[in-house]
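As structure tokens, the structure follows; a few thoughts come after it.
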Amino acid sequence: EDRVDVESLPGGVIEIKATTHDADESLRLTQAYAAAIAERFKRLNEEQLTTKRSLIDTRFREAATRLAQAQATLDQFRSRNRLSAIPEAELGAALTVRTGLEAQLQAKMVELDTLRRFLGPENPRLLGVQSEVRELRNRLAQSIAPAATPGGPNAGELTALSSQYVNLYRDYVFAQSVYQIYTRISEEVAVEELSGRTAATVQVIEAPRVDAGR
């Protein structure tokens with residue numbers, strides 16, 4: 001009985017075995033299956049890259065718009081209230097750092113959510129971002145702790161004007177961080193697209209051959 005067996009082996013290896021009454025036919029079947037699998041993987045990779053590019057382009061445009069709006073709103077607020085363009089001068093060093101960390105953490109969570117759409121849970125890139133999230137949370141907790149170095153008013157001592165400045169500055173840092181994230185991811189997708197056009201999606205480890213012992 002003619003048959004073709006396709007088996008998935010450890011390490012992402014696929015083994016194809018064709019059993020027929022004709023050695024040449026078995027060889028042709030094996031080659032055809034290998035070519036079909038390679039073509040299917042190529043199309044899946046192209047579809048994933050197209051989906052990824054569409055999402056990242058949309059997010060990048062949104063991030064650019066958000067950053068421009070946040071920058072304009074912050075600049076107008078500073079000008080209207082005659083405030084320094086240096087946050088530390090108005091809020092103090094400690095509160096400025098804390099506000100920046102809050103915004104960076106929010107942005108890093110956005111990056112984590114985006115990467116989870118395309119990467120598996122064991123992917124080194126995803127694990128690296130998760131580590132960065134933990135580090136930011138630790139730094140934020142340390143900045144809030146009572147033992148933190150004094151450097152200006154805390155959130156409970158802010159005037160209405162300073163409180164608004166904190167919120168606008170946080171929005172700006174968040175928008176800036178998200179924009180930088182999507183700029184980097186967009187560049188990475190461009191590299192993936194170039195690699196996808198020039199590199200084989202499937203590598204043949206062992207060329208199809210006839211088993212002389214059978």
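In the structure tokens, the first chain shown is A, the next is B, and so on; residue numbers restart at 1 for each chain, and ligands run from 1 in the order shown.
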
* **Which of stretch 5-193 of chain A fall in strand (DSSP E), as a PyMOL selection string** => chain A and resi 5-9+13-19

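The closest residue to A:Tyr172, picked from A:Leu101, A:Leu115, A:Ala23, A:Ala68 and counting only C-alpha atoms, is A:Ala68.
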
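Between A:Gln76 and the candidates A:Leu44, A:Val191, A:Ser186, A:Leu168, the tightest atom-to-atom separation, counting only C-alpha atoms, involves A:Leu168.
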
* So which residues touch A:Arg98 within 10 Å, counting only C-alpha atoms, skipping near sequence neighbours fewer than 2 positions away, as an NGL selection string? -> :A and (93-96 or 100-104 or 139-144 or 154 or 166 or 170)

Put those residues in a file: C-alpha atoms, as an mmCIF file, in the first residue's frame.
```cif
data_model
loop_
_atom_site.group_PDB
_atom_site.id
_atom_site.type_symbol
_atom_site.label_atom_id
_atom_site.label_comp_id
_atom_site.auth_asym_id
_atom_site.auth_seq_id
_atom_site.Cartn_x
_atom_site.Cartn_y
_atom_site.Cartn_z
ATOM 1 C CA ALA A 93 13.839 65.948 41.230
ATOM 2 C CA ALA A 94 12.165 63.103 43.128
ATOM 3 C CA LEU A 95 8.649 63.737 41.827
ATOM 4 C CA THR A 96 9.929 64.258 38.296
ATOM 5 C CA GLY A 100 8.780 59.595 34.476
ATOM 6 C CA LEU A 101 8.974 56.042 35.824
ATOM 7 C CA GLU A 102 5.181 55.785 35.917
ATOM 8 C CA ALA A 103 4.979 56.833 32.273
ATOM 9 C CA GLN A 104 7.785 54.499 31.209
ATOM 10 C CA ARG A 139 12.372 51.360 40.777
ATOM 11 C CA LEU A 140 8.942 52.965 41.044
ATOM 12 C CA ALA A 141 8.313 51.287 44.407
ATOM 13 C CA GLN A 142 11.670 52.552 45.668
ATOM 14 C CA SER A 143 10.870 56.097 44.512
ATOM 15 C CA ILE A 144 7.599 56.046 46.451
ATOM 16 C CA ASN A 154 5.112 64.669 47.064
ATOM 17 C CA VAL A 166 2.549 66.357 36.715
ATOM 18 C CA ARG A 170 3.426 62.092 32.569
#
```

* Find the residues near A:Ile56: any atom within 12 Å, counting only C-alpha atoms, skip ones fewer than 6 places away on the same chain, and give them as a VMD selection string. => chain A and resid 49 to 50 62 to 64 111 114 to 115 117 to 118 178 to 179 181 to 190

* Atomic separation - atom CA of A:Gln71 relative to atom CA of A:Phe174, Å -> 10.9 Å
